[in-house]
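**Q** Quick one: structure below, then a few questions.
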Number of protein chains: 2
Amino acid sequence: MKTRRVLTDRQSAVPALAEAFREHGFEGASLAVLSKATGLGKGSLYNFFPGGKEEMMAAVLDNIDTWFVDAIFQPLEDGPDPQAAIIAMFADVTAYFRSGRRVCIVGCLGLNTAGQAFSSKLAGYFARWISALAHCLEKGGIPQGLALALAEEAVSGIQGAIVLARALDEAASFQRIVARLQATLLAALAASPEAGTAPDTVTKDAT
Amino acid sequence: MKTRRVLTDRQSAVPALAEAFREHGFEGASLAVLSKATGLGKGSLYNFFPGGKEEMMAAVLDNIDTWFVDAIFQPLEDGPDPQAAIIAMFADVTAYFRSGRRVCIVGCLGLNTAGQAFSSKLAGYFARWISALAHCLEKGGIPQGLALALAEEAVSGIQGAIVLARALDEAASFQRIVARLQATLLAALAASPEAGTAPDTVTKDAT
DNA sequence: ACATCATTTGACCGAATGGTACAAACGGAA
DNA sequence: TTCCGTTTGTACCATTCGGTCAAATGATGT
């Protein structure tokens with residue numbers, strides 16, 4: 001068979017790149033840092049990512065995006081039980097961001113000019129997250145307008161919790177804030193007209 | 001008279017430095033950028049800030065801190081009417097951050113390793129903001145624990161709104177989220193055991 | 001007018017940047 | 001073994017980095 005190992009090796013470097021970008025930001029992550037983080041020489045990095053740092057970051061963003069789609073967005077969109085999906089989302093997100101010790105690369109990129117090259121990806125990431133969460137809330141019987149507002153508030157709130165927890169160096173802040181966000185969503189679900197969330201009827205159709 | 005204009009000129013450069021750091025981040029704001037932003041040669045910058053970029057950023061942070069103390073924290077702590085103080089805070093913050101188009105330097109610095117040198121300032125900024133807001137809510141009759149949680153949620157929420165609005169490039173998101181945060185605080189105030197909205201000095205009423 | 005002196009400047013420095021070139025090293029296929 | 005394409009390390013490039021400095025500038029006091 002043809003050697004397709006090119007892509008797999010490239011993919012295997014992405015997590016290390018992500019961690020380096022997370023820690024130092026796009027501008028702060030020099031090629032020396034990236035080389036050390038991945039254990040690859042500059043030549044290898046440019047072999048895998050001919051586009052340089054931009055292509056590396058693009059690969060990292062794609063990797064993050066597929067992770068979120070699989071772990072967060074799809075369960076929100078397709079999960080049979082809205083309440084369980086939301087609880088799982090907060091648990092996964094808390095673990096992913098290590099209670100705010102770990103930074104959200106997507107959010108960070110949007111904050112300075114370095115990330116302008118990726119603006120459409122950033123917007124897509126957040127738009128899909130909000131949309132998936134809102135859709136999940138709607139499935140739980142919450143009217144569309146409120147569902148969208150709650151989803152926006154929750155996603156934004158998670159980002160804020162990361163910023164605050166990092167600045168205060170207090171993971172407890174993150175956990176408190178996220179717990180409040182989760183409680184708000186679950187309360188809204190419980191207060192919705194069709195709070196029953198019968199799994200049988202929901203799986204059938206949820207227009 | 002002796003020309004002690006040194007300090008005043010130094011101060012006059014700070015806003016331009018702040019804008020440059022805001023736009024490019026700490027690592028991304030090269031001396032060339034800072035020189036162009038301030039209209040000062042590199043030599044002049046090093047005359048005012050012998051410590052280099054770090055001292056420039058420290059001056060910017062101090063400048064921001066005093067602005068927030070005067071415009072936000074003090075009114076929250078000392079204002080006679082909690083409700084009015086909170087409304088004023090959200091109005092001032094929305095104007096300051098230009099509905100999320102403008103980034104919070106303090107929050108940004110905490111997100112990558114470049115800001116570790118300023119960690120105590122960052123923590124102090126957020127701690128005081130939360131404390132001032134919580135104190136204001138307590139004055140409005142909200143019990144301490146809830147007041148602290150609400151304050152933490154609001155400050156964190158503002159940061160999240162900035163991140164989201166920047167990534168989506170939608171100032172409307174910022175305004176919606178901040179409006180919800182304000183409504184939450186005001187509702188909590190209204191629902192508090194009021195006792196006249198303030199036991200002692202309630203003579204003034206808000207317009 | 002002159003002398004004094006703080007302030008400003010842009011050329012300059014060594015180090016580090018992102019990126020390129022390329023020869024050696026590697027690893028399957030024959 | 002030989003072969004040939006892929007990976008890899010490293011030397012190198014032009015540029016830019018943060019930072020320094022002697023010289024130019026301009027205001028001040030007499």
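Chain identifiers are assigned as A, B, and so on, following the order in which chains appear in the structure tokens; residues are numbered from 1 within each chain, and ligands are numbered from 1 in order of appearance.
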Set the cut-off to 7 Å and count only C-alpha atoms (C1' of nucleotides): what are the residues of chain B that reach chain C? Output as a list in words.
**A**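 Result: Gly41, Gly43 and Ser44 of chain B.
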**Q** Determine, counting only C-alpha atoms (C1' of nucleotides), which protein, DNA and RNA residues have an atom within 7 Å of an atom of Leu122 of chain B; residues of the same chain fewer than 5 positions away are not included. Present the result as a JSON list (two decimals) with all heavy atoms, in the first residue's frame.
**A**
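Saved result, result12.json, follows:
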[["chain", "number", "residue", "atom", "x", "y", "z"],
["A", 167, "ALA", "N", -6.99, 34.76, 35.73],
["A", 167, "ALA", "CA", -6.46, 35.99, 36.33],
["A", 167, "ALA", "C", -6.35, 35.84, 37.84],
["A", 167, "ALA", "O", -5.39, 36.32, 38.45],
["A", 167, "ALA", "CB", -7.36, 37.18, 35.97],
["B", 106, "VAL", "N", -6.50, 43.58, 30.92],
["B", 106, "VAL", "CA", -6.23, 42.82, 32.14],
["B", 106, "VAL", "C", -6.62, 41.36, 31.95],
["B", 106, "VAL", "O", -5.86, 40.45, 32.27],
["B", 106, "VAL", "CB", -6.98, 43.44, 33.33],
["B", 106, "VAL", "CG1", -6.51, 42.82, 34.62],
["B", 106, "VAL", "CG2", -6.79, 44.94, 33.35],
["B", 110, "GLY", "N", -3.93, 37.74, 31.45],
["B", 110, "GLY", "CA", -3.96, 36.51, 32.26],
["B", 110, "GLY", "C", -4.01, 35.25, 31.44],
["B", 110, "GLY", "O", -3.78, 34.16, 31.96]]
**Q** Would you mind listing, as a PDB file with N, CA, C and O atoms, in the first residue's frame, all residues of chain A that have at least one atom within 7 Å of chain B, where only C-alpha atoms are what counts?
**A**
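Result saved to out.pdb:
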ATOM      1  N   GLU A  23      -0.352  27.898  25.687  1.00  0.00           N
ATOM      2  CA  GLU A  23       0.473  28.458  26.753  1.00  0.00           C
ATOM      3  C   GLU A  23       1.043  29.825  26.377  1.00  0.00           C
ATOM      4  O   GLU A  23       1.059  30.744  27.199  1.00  0.00           O
ATOM      5  N   HIS A  24       1.485  29.951  25.127  1.00  0.00           N
ATOM      6  CA  HIS A  24       2.225  31.153  24.750  1.00  0.00           C
ATOM      7  C   HIS A  24       1.458  32.086  23.826  1.00  0.00           C
ATOM      8  O   HIS A  24       1.941  33.175  23.529  1.00  0.00           O
ATOM      9  N   GLY A  25       0.299  31.662  23.352  1.00  0.00           N
ATOM     10  CA  GLY A  25      -0.399  32.473  22.365  1.00  0.00           C
ATOM     11  C   GLY A  25       0.227  32.313  20.991  1.00  0.00           C
ATOM     12  O   GLY A  25       1.288  31.690  20.844  1.00  0.00           O
ATOM     13  N   GLU A  27       1.479  34.661  18.779  1.00  0.00           N
ATOM     14  CA  GLU A  27       2.717  35.412  18.582  1.00  0.00           C
ATOM     15  C   GLU A  27       3.825  34.897  19.495  1.00  0.00           C
ATOM     16  O   GLU A  27       4.991  34.845  19.105  1.00  0.00           O
ATOM     17  N   GLY A  28       3.451  34.540  20.706  1.00  0.00           N
ATOM     18  CA  GLY A  28       4.466  34.122  21.670  1.00  0.00           C
ATOM     19  C   GLY A  28       5.024  32.735  21.408  1.00  0.00           C
ATOM     20  O   GLY A  28       6.101  32.393  21.907  1.00  0.00           O
ATOM     21  N   VAL A 103      -6.584  27.369  28.871  1.00  0.00           N
ATOM     22  CA  VAL A 103      -7.178  28.492  28.152  1.00  0.00           C
ATOM     23  C   VAL A 103      -7.911  28.002  26.920  1.00  0.00           C
ATOM     24  O   VAL A 103      -7.592  26.943  26.376  1.00  0.00           O
ATOM     25  N   GLY A 107     -11.153  31.318  21.892  1.00  0.00           N
ATOM     26  CA  GLY A 107     -11.480  32.600  22.481  1.00  0.00           C
ATOM     27  C   GLY A 107     -10.301  33.548  22.489  1.00  0.00           C
ATOM     28  O   GLY A 107     -10.439  34.730  22.157  1.00  0.00           O
ATOM     29  N   GLY A 110      -9.404  35.373  19.186  1.00  0.00           N
ATOM     30  CA  GLY A 110     -10.249  36.485  18.789  1.00  0.00           C
ATOM     31  C   GLY A 110      -9.890  37.793  19.460  1.00  0.00           C
ATOM     32  O   GLY A 110     -10.342  38.851  19.043  1.00  0.00           O
ATOM     33  N   LEU A 111      -9.049  37.734  20.495  1.00  0.00           N
ATOM     34  CA  LEU A 111      -8.834  38.922  21.319  1.00  0.00           C
ATOM     35  C   LEU A 111      -7.766  39.862  20.772  1.00  0.00           C
ATOM     36  O   LEU A 111      -7.693  41.012  21.186  1.00  0.00           O
ATOM     37  N   ASN A 112      -6.888  39.377  19.898  1.00  0.00           N
ATOM     38  CA  ASN A 112      -5.914  40.317  19.332  1.00  0.00           C
ATOM     39  C   ASN A 112      -5.797  40.115  17.821  1.00  0.00           C
ATOM     40  O   ASN A 112      -6.372  39.182  17.253  1.00  0.00           O
ATOM     41  N   THR A 113      -5.064  40.999  17.199  1.00  0.00           N
ATOM     42  CA  THR A 113      -5.039  41.027  15.745  1.00  0.00           C
ATOM     43  C   THR A 113      -4.441  39.762  15.139  1.00  0.00           C
ATOM     44  O   THR A 113      -4.696  39.461  13.978  1.00  0.00           O
ATOM     45  N   SER A 119     -10.642  34.415  11.580  1.00  0.00           N
ATOM     46  CA  SER A 119     -11.885  34.952  12.146  1.00  0.00           C
ATOM     47  C   SER A 119     -13.095  34.102  11.798  1.00  0.00           C
ATOM     48  O   SER A 119     -13.969  33.905  12.637  1.00  0.00           O
ATOM     49  N   LEU A 122     -13.218  31.083  14.058  1.00  0.00           N
ATOM     50  CA  LEU A 122     -13.591  31.432  15.418  1.00  0.00           C
ATOM     51  C   LEU A 122     -15.094  31.656  15.513  1.00  0.00           C
ATOM     52  O   LEU A 122     -15.774  31.122  16.401  1.00  0.00           O
ATOM     53  N   ALA A 123     -15.606  32.449  14.572  1.00  0.00           N
ATOM     54  CA  ALA A 123     -17.034  32.747  14.609  1.00  0.00           C
ATOM     55  C   ALA A 123     -17.844  31.458  14.449  1.00  0.00           C
ATOM     56  O   ALA A 123     -18.843  31.248  15.148  1.00  0.00           O
ATOM     57  N   GLU A 153     -25.729  33.044  26.780  1.00  0.00           N
ATOM     58  CA  GLU A 153     -25.272  33.377  28.120  1.00  0.00           C
ATOM     59  C   GLU A 153     -24.348  32.286  28.667  1.00  0.00           C
ATOM     60  O   GLU A 153     -23.317  32.583  29.282  1.00  0.00           O
ATOM     61  N   SER A 156     -20.921  32.200  26.601  1.00  0.00           N
ATOM     62  CA  SER A 156     -20.170  33.389  27.010  1.00  0.00           C
ATOM     63  C   SER A 156     -19.701  33.259  28.445  1.00  0.00           C
ATOM     64  O   SER A 156     -18.565  33.619  28.778  1.00  0.00           O
ATOM     65  N   GLY A 157     -20.576  32.742  29.303  1.00  0.00           N
ATOM     66  CA  GLY A 157     -20.216  32.613  30.712  1.00  0.00           C
ATOM     67  C   GLY A 157     -19.041  31.687  30.923  1.00  0.00           C
ATOM     68  O   GLY A 157     -18.188  31.929  31.800  1.00  0.00           O
ATOM     69  N   ILE A 158     -18.971  30.618  30.150  1.00  0.00           N
ATOM     70  CA  ILE A 158     -17.838  29.701  30.270  1.00  0.00           C
ATOM     71  C   ILE A 158     -16.542  30.415  29.908  1.00  0.00           C
ATOM     72  O   ILE A 158     -15.520  30.281  30.590  1.00  0.00           O
ATOM     73  N   GLN A 159     -16.577  31.195  28.838  1.00  0.00           N
ATOM     74  CA  GLN A 159     -15.380  31.945  28.452  1.00  0.00           C
ATOM     75  C   GLN A 159     -14.972  32.925  29.544  1.00  0.00           C
ATOM     76  O   GLN A 159     -13.793  33.054  29.880  1.00  0.00           O
ATOM     77  N   GLY A 160     -15.961  33.605  30.090  1.00  0.00           N
ATOM     78  CA  GLY A 160     -15.647  34.537  31.168  1.00  0.00           C
ATOM     79  C   GLY A 160     -15.066  33.831  32.372  1.00  0.00           C
ATOM     80  O   GLY A 160     -14.137  34.337  33.023  1.00  0.00           O
ATOM     81  N   ALA A 161     -15.581  32.655  32.674  1.00  0.00           N
ATOM     82  CA  ALA A 161     -15.074  31.898  33.819  1.00  0.00           C
ATOM     83  C   ALA A 161     -13.608  31.536  33.608  1.00  0.00           C
ATOM     84  O   ALA A 161     -12.810  31.563  34.555  1.00  0.00           O
ATOM     85  N   VAL A 163     -11.404  33.287  31.806  1.00  0.00           N
ATOM     86  CA  VAL A 163     -10.634  34.528  31.982  1.00  0.00           C
ATOM     87  C   VAL A 163     -10.459  34.827  33.467  1.00  0.00           C
ATOM     88  O   VAL A 163      -9.344  35.103  33.941  1.00  0.00           O
ATOM     89  N   LEU A 164     -11.560  34.766  34.189  1.00  0.00           N
ATOM     90  CA  LEU A 164     -11.500  35.129  35.607  1.00  0.00           C
ATOM     91  C   LEU A 164     -10.650  34.142  36.404  1.00  0.00           C
ATOM     92  O   LEU A 164      -9.809  34.544  37.221  1.00  0.00           O
ATOM     93  N   ARG A 166      -8.267  32.266  35.386  1.00  0.00           N
ATOM     94  CA  ARG A 166      -6.848  32.434  35.063  1.00  0.00           C
ATOM     95  C   ARG A 166      -6.279  33.646  35.783  1.00  0.00           C
ATOM     96  O   ARG A 166      -5.204  33.592  36.371  1.00  0.00           O
ATOM     97  N   ALA A 167      -6.991  34.761  35.735  1.00  0.00           N
ATOM     98  CA  ALA A 167      -6.465  35.992  36.334  1.00  0.00           C
ATOM     99  C   ALA A 167      -6.355  35.844  37.842  1.00  0.00           C
ATOM    100  O   ALA A 167      -5.388  36.319  38.451  1.00  0.00           O
ATOM    101  N   LEU A 168      -7.338  35.205  38.451  1.00  0.00           N
ATOM    102  CA  LEU A 168      -7.307  35.052  39.907  1.00  0.00           C
ATOM    103  C   LEU A 168      -6.475  33.849  40.318  1.00  0.00           C
ATOM    104  O   LEU A 168      -6.176  33.694  41.499  1.00  0.00           O
ATOM    105  N   ILE A 177     -18.739  29.394  39.023  1.00  0.00           N
ATOM    106  CA  ILE A 177     -19.468  30.081  37.957  1.00  0.00           C
ATOM    107  C   ILE A 177     -20.139  29.081  37.036  1.00  0.00           C
ATOM    108  O   ILE A 177     -21.307  29.220  36.662  1.00  0.00           O
TER     109      ILE A 177
END
**Q** Least-squares fit on all C-alpha atoms, paired in order: put chain B onto chain A and return it as an mmCIF file with C-alpha atoms, in the first residue's frame.
**A**
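Output contents, as saved in superposed_7.cif:
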data_model
loop_
_atom_site.group_PDB
_atom_site.id
_atom_site.type_symbol
_atom_site.label_atom_id
_atom_site.label_comp_id
_atom_site.auth_asym_id
_atom_site.auth_seq_id
_atom_site.Cartn_x
_atom_site.Cartn_y
_atom_site.Cartn_z
ATOM 1 C CA MET B 1 1.717 -0.602 0.460
ATOM 2 C CA LYS B 2 2.400 3.002 -0.278
ATOM 3 C CA THR B 3 3.491 5.035 2.743
ATOM 4 C CA ARG B 4 0.948 7.744 3.045
ATOM 5 C CA ARG B 5 2.000 8.203 6.620
ATOM 6 C CA VAL B 6 2.626 11.880 5.966
ATOM 7 C CA LEU B 7 -0.798 13.021 6.979
ATOM 8 C CA THR B 8 -1.065 10.782 9.989
ATOM 9 C CA ASP B 9 2.224 11.995 11.389
ATOM 10 C CA ARG B 10 1.185 15.516 10.753
ATOM 11 C CA GLN B 11 -1.973 14.886 12.733
ATOM 12 C CA SER B 12 -0.020 13.324 15.555
ATOM 13 C CA ALA B 13 1.897 16.567 16.026
ATOM 14 C CA VAL B 14 -1.217 18.679 16.349
ATOM 15 C CA PRO B 15 -1.994 18.031 20.024
ATOM 16 C CA ALA B 16 1.487 19.084 21.077
ATOM 17 C CA LEU B 17 1.205 22.177 18.909
ATOM 18 C CA ALA B 18 -2.150 22.951 20.487
ATOM 19 C CA GLU B 19 -0.710 22.752 23.950
ATOM 20 C CA ALA B 20 2.163 25.034 23.013
ATOM 21 C CA PHE B 21 -0.149 27.612 21.451
ATOM 22 C CA ARG B 22 -2.420 27.363 24.451
ATOM 23 C CA GLU B 23 0.400 28.042 26.849
ATOM 24 C CA HIS B 24 2.240 30.797 24.981
ATOM 25 C CA GLY B 25 -0.332 32.252 22.610
ATOM 26 C CA PHE B 26 0.207 32.618 18.893
ATOM 27 C CA GLU B 27 2.899 35.275 18.990
ATOM 28 C CA GLY B 28 4.572 33.826 22.045
ATOM 29 C CA ALA B 29 4.852 30.332 20.620
ATOM 30 C CA SER B 30 8.146 30.608 18.745
ATOM 31 C CA LEU B 31 9.330 27.923 16.380
ATOM 32 C CA ALA B 32 11.828 26.895 19.028
ATOM 33 C CA VAL B 33 8.976 26.341 21.471
ATOM 34 C CA LEU B 34 6.906 24.479 18.904
ATOM 35 C CA SER B 35 9.886 22.354 17.929
ATOM 36 C CA LYS B 36 10.559 21.416 21.523
ATOM 37 C CA ALA B 37 6.894 20.767 22.229
ATOM 38 C CA THR B 38 6.505 18.410 19.287
ATOM 39 C CA GLY B 39 9.956 16.875 19.408
ATOM 40 C CA LEU B 40 10.288 17.659 15.699
ATOM 41 C CA GLY B 41 13.005 19.731 14.104
ATOM 42 C CA LYS B 42 12.065 22.972 12.475
ATOM 43 C CA GLY B 43 12.543 21.394 9.085
ATOM 44 C CA SER B 44 10.074 18.632 9.852
ATOM 45 C CA LEU B 45 7.534 21.128 11.035
ATOM 46 C CA TYR B 46 7.879 23.005 7.761
ATOM 47 C CA ASN B 47 7.625 19.740 5.910
ATOM 48 C CA PHE B 48 4.245 19.064 7.525
ATOM 49 C CA PHE B 49 3.071 22.657 7.600
ATOM 50 C CA PRO B 50 4.597 24.516 4.655
ATOM 51 C CA GLY B 51 2.556 27.541 5.601
ATOM 52 C CA GLY B 52 4.481 27.983 8.836
ATOM 53 C CA LYS B 53 2.915 28.929 12.141
ATOM 54 C CA GLU B 54 -0.289 30.026 10.491
ATOM 55 C CA GLU B 55 -0.868 26.620 8.982
ATOM 56 C CA MET B 56 0.018 24.967 12.268
ATOM 57 C CA MET B 57 -2.526 27.069 14.074
ATOM 58 C CA ALA B 58 -5.088 26.382 11.374
ATOM 59 C CA ALA B 59 -4.544 22.653 11.849
ATOM 60 C CA VAL B 60 -4.905 23.073 15.593
ATOM 61 C CA LEU B 61 -8.142 24.986 15.130
ATOM 62 C CA ASP B 62 -9.495 22.343 12.783
ATOM 63 C CA ASN B 63 -8.572 19.660 15.267
ATOM 64 C CA ILE B 64 -10.291 21.525 18.078
ATOM 65 C CA ASP B 65 -13.317 22.133 15.917
ATOM 66 C CA THR B 66 -13.814 18.503 15.036
ATOM 67 C CA TRP B 67 -13.387 17.536 18.669
ATOM 68 C CA PHE B 68 -16.068 19.992 19.724
ATOM 69 C CA VAL B 69 -18.361 18.929 16.929
ATOM 70 C CA ASP B 70 -18.092 15.298 17.924
ATOM 71 C CA ALA B 71 -18.051 15.696 21.683
ATOM 72 C CA ILE B 72 -20.271 18.730 22.216
ATOM 73 C CA PHE B 73 -22.173 20.088 19.242
ATOM 74 C CA GLN B 74 -23.526 16.868 17.742
ATOM 75 C CA PRO B 75 -24.818 15.502 21.049
ATOM 76 C CA LEU B 76 -26.527 18.832 21.672
ATOM 77 C CA GLU B 77 -28.110 18.825 18.234
ATOM 78 C CA ASP B 78 -29.007 15.180 17.914
ATOM 79 C CA GLY B 79 -29.214 13.873 21.464
ATOM 80 C CA PRO B 80 -32.652 12.618 22.397
ATOM 81 C CA ASP B 81 -32.704 14.098 25.891
ATOM 82 C CA PRO B 82 -31.959 17.843 26.141
ATOM 83 C CA GLN B 83 -31.389 17.741 29.859
ATOM 84 C CA ALA B 84 -28.887 14.925 29.620
ATOM 85 C CA ALA B 85 -27.144 16.554 26.678
ATOM 86 C CA ILE B 86 -26.670 19.764 28.609
ATOM 87 C CA ILE B 87 -25.371 17.983 31.676
ATOM 88 C CA ALA B 88 -22.960 16.080 29.471
ATOM 89 C CA MET B 89 -21.853 19.291 27.770
ATOM 90 C CA PHE B 90 -20.918 20.945 31.044
ATOM 91 C CA ALA B 91 -19.134 17.854 32.247
ATOM 92 C CA ASP B 92 -17.143 17.539 29.031
ATOM 93 C CA VAL B 93 -16.340 21.235 28.884
ATOM 94 C CA THR B 94 -15.186 21.292 32.500
ATOM 95 C CA ALA B 95 -12.919 18.336 31.826
ATOM 96 C CA TYR B 96 -11.670 19.786 28.533
ATOM 97 C CA PHE B 97 -10.746 23.137 30.028
ATOM 98 C CA ARG B 98 -9.449 21.489 33.172
ATOM 99 C CA SER B 99 -11.702 23.668 35.323
ATOM 100 C CA GLY B 100 -10.335 26.819 33.778
ATOM 101 C CA ARG B 101 -6.674 25.993 34.139
ATOM 102 C CA ARG B 102 -6.609 25.319 30.428
ATOM 103 C CA VAL B 103 -7.263 28.222 28.116
ATOM 104 C CA CYS B 104 -9.657 28.309 25.188
ATOM 105 C CA ILE B 105 -7.433 28.883 22.166
ATOM 106 C CA VAL B 106 -10.354 30.010 20.061
ATOM 107 C CA GLY B 107 -11.401 32.624 22.551
ATOM 108 C CA CYS B 108 -7.836 33.805 23.072
ATOM 109 C CA LEU B 109 -7.156 34.220 19.382
ATOM 110 C CA GLY B 110 -10.028 36.624 19.044
ATOM 111 C CA LEU B 111 -8.600 38.929 21.669
ATOM 112 C CA ASN B 112 -5.645 40.325 19.774
ATOM 113 C CA THR B 113 -4.701 41.156 16.237
ATOM 114 C CA ALA B 114 -2.712 37.938 15.802
ATOM 115 C CA GLY B 115 -5.938 36.018 15.427
ATOM 116 C CA GLN B 116 -7.511 38.188 12.749
ATOM 117 C CA ALA B 117 -6.342 35.764 10.076
ATOM 118 C CA PHE B 118 -8.618 33.150 11.616
ATOM 119 C CA SER B 119 -11.596 35.380 12.311
ATOM 120 C CA SER B 120 -14.059 33.354 10.268
ATOM 121 C CA LYS B 121 -13.098 30.141 12.034
ATOM 122 C CA LEU B 122 -13.420 31.786 15.426
ATOM 123 C CA ALA B 123 -16.825 33.177 14.611
ATOM 124 C CA GLY B 124 -17.967 29.854 13.205
ATOM 125 C CA TYR B 125 -16.883 27.973 16.312
ATOM 126 C CA PHE B 126 -18.840 30.165 18.689
ATOM 127 C CA ALA B 127 -21.799 30.561 16.354
ATOM 128 C CA ARG B 128 -22.174 26.826 16.023
ATOM 129 C CA TRP B 129 -21.798 26.252 19.742
ATOM 130 C CA ILE B 130 -24.489 28.781 20.536
ATOM 131 C CA SER B 131 -26.713 27.484 17.773
ATOM 132 C CA ALA B 132 -26.342 23.872 18.877
ATOM 133 C CA LEU B 133 -27.078 24.720 22.479
ATOM 134 C CA ALA B 134 -30.046 26.887 21.540
ATOM 135 C CA HIS B 135 -31.412 24.131 19.342
ATOM 136 C CA CYS B 136 -31.095 21.712 22.223
ATOM 137 C CA LEU B 137 -32.958 24.063 24.540
ATOM 138 C CA GLU B 138 -35.683 24.543 21.960
ATOM 139 C CA LYS B 139 -36.071 20.798 21.784
ATOM 140 C CA GLY B 140 -36.686 20.969 25.518
ATOM 141 C CA GLY B 141 -39.641 23.253 24.952
ATOM 142 C CA ILE B 142 -38.002 26.638 25.474
ATOM 143 C CA PRO B 143 -39.191 29.284 23.006
ATOM 144 C CA GLN B 144 -36.662 30.287 20.373
ATOM 145 C CA GLY B 145 -35.842 33.768 21.592
ATOM 146 C CA LEU B 146 -35.215 32.703 25.165
ATOM 147 C CA ALA B 147 -33.297 29.632 24.025
ATOM 148 C CA LEU B 148 -30.922 31.755 22.003
ATOM 149 C CA ALA B 149 -30.391 34.202 24.838
ATOM 150 C CA LEU B 150 -29.725 31.391 27.304
ATOM 151 C CA ALA B 151 -27.333 29.669 24.936
ATOM 152 C CA GLU B 152 -25.432 32.882 24.284
ATOM 153 C CA GLU B 153 -25.246 33.519 28.015
ATOM 154 C CA ALA B 154 -23.955 30.023 28.743
ATOM 155 C CA VAL B 155 -21.258 29.961 26.076
ATOM 156 C CA SER B 156 -20.140 33.456 26.974
ATOM 157 C CA GLY B 157 -20.259 32.536 30.645
ATOM 158 C CA ILE B 158 -17.937 29.590 30.138
ATOM 159 C CA GLN B 159 -15.410 31.844 28.433
ATOM 160 C CA GLY B 160 -15.668 34.345 31.249
ATOM 161 C CA ALA B 161 -15.188 31.595 33.799
ATOM 162 C CA ILE B 162 -11.942 30.623 32.095
ATOM 163 C CA VAL B 163 -10.671 34.190 32.134
ATOM 164 C CA LEU B 164 -11.572 34.694 35.769
ATOM 165 C CA ALA B 165 -10.274 31.345 36.966
ATOM 166 C CA ARG B 166 -6.969 31.913 35.180
ATOM 167 C CA ALA B 167 -6.533 35.412 36.591
ATOM 168 C CA LEU B 168 -7.455 34.367 40.123
ATOM 169 C CA ASP B 169 -5.650 31.044 39.748
ATOM 170 C CA GLU B 170 -8.656 29.434 41.341
ATOM 171 C CA ALA B 171 -10.225 26.443 39.674
ATOM 172 C CA ALA B 172 -13.005 26.660 42.255
ATOM 173 C CA SER B 173 -14.235 29.895 40.664
ATOM 174 C CA PHE B 174 -14.633 28.128 37.353
ATOM 175 C CA GLN B 175 -16.562 25.307 38.918
ATOM 176 C CA ARG B 176 -18.892 27.590 40.845
ATOM 177 C CA ILE B 177 -19.674 29.736 37.818
ATOM 178 C CA VAL B 178 -20.187 26.801 35.496
ATOM 179 C CA ALA B 179 -22.408 25.100 38.039
ATOM 180 C CA ARG B 180 -24.568 28.215 38.164
ATOM 181 C CA LEU B 181 -24.773 28.332 34.386
ATOM 182 C CA GLN B 182 -25.830 24.721 34.238
ATOM 183 C CA ALA B 183 -28.411 25.268 36.956
ATOM 184 C CA THR B 184 -29.851 28.196 35.028
ATOM 185 C CA LEU B 185 -30.279 26.136 31.876
ATOM 186 C CA LEU B 186 -31.750 23.170 33.700
ATOM 187 C CA ALA B 187 -34.149 25.427 35.587
ATOM 188 C CA ALA B 188 -35.275 26.958 32.334
ATOM 189 C CA LEU B 189 -35.805 23.494 30.917
ATOM 190 C CA ALA B 190 -37.782 22.432 33.958
ATOM 191 C CA ALA B 191 -39.920 25.550 33.760
ATOM 192 C CA SER B 192 -40.601 25.166 30.067
ATOM 193 C CA PRO B 193 -44.106 24.265 28.922
ATOM 194 C CA GLU B 194 -42.595 20.794 28.842
ATOM 195 C CA ALA B 195 -45.430 18.913 27.097
ATOM 196 C CA GLY B 196 -43.575 15.767 28.038
ATOM 197 C CA THR B 197 -40.089 17.226 27.646
ATOM 198 C CA ALA B 198 -40.257 16.315 23.954
ATOM 199 C CA PRO B 199 -43.312 15.906 21.782
ATOM 200 C CA ASP B 200 -42.074 13.118 19.536
ATOM 201 C CA THR B 201 -39.124 11.017 20.637
ATOM 202 C CA VAL B 202 -39.253 10.998 24.382
ATOM 203 C CA THR B 203 -39.031 7.284 24.857
ATOM 204 C CA LYS B 204 -35.510 7.315 26.261
ATOM 205 C CA ASP B 205 -35.070 8.734 29.737
ATOM 206 C CA ALA B 206 -31.897 9.888 31.400
ATOM 207 C CA THR B 207 -30.283 8.073 34.273
#
**Q** Quick one: DSSP helix (DSSP H, G or I) residues in segment 32-133 of chain A, as number ranges by chain?
**A** A: 32-38, 42-48, 53-78, 82-96, 98-100, 105-109, 113-133
**Q** Could you list, as number ranges by chain, every residue of chain D that has an atom within 12 Å of an atom of chain B, counting only C-alpha atoms (C1' of nucleotides)?
**A** D: 16-21, 27-29
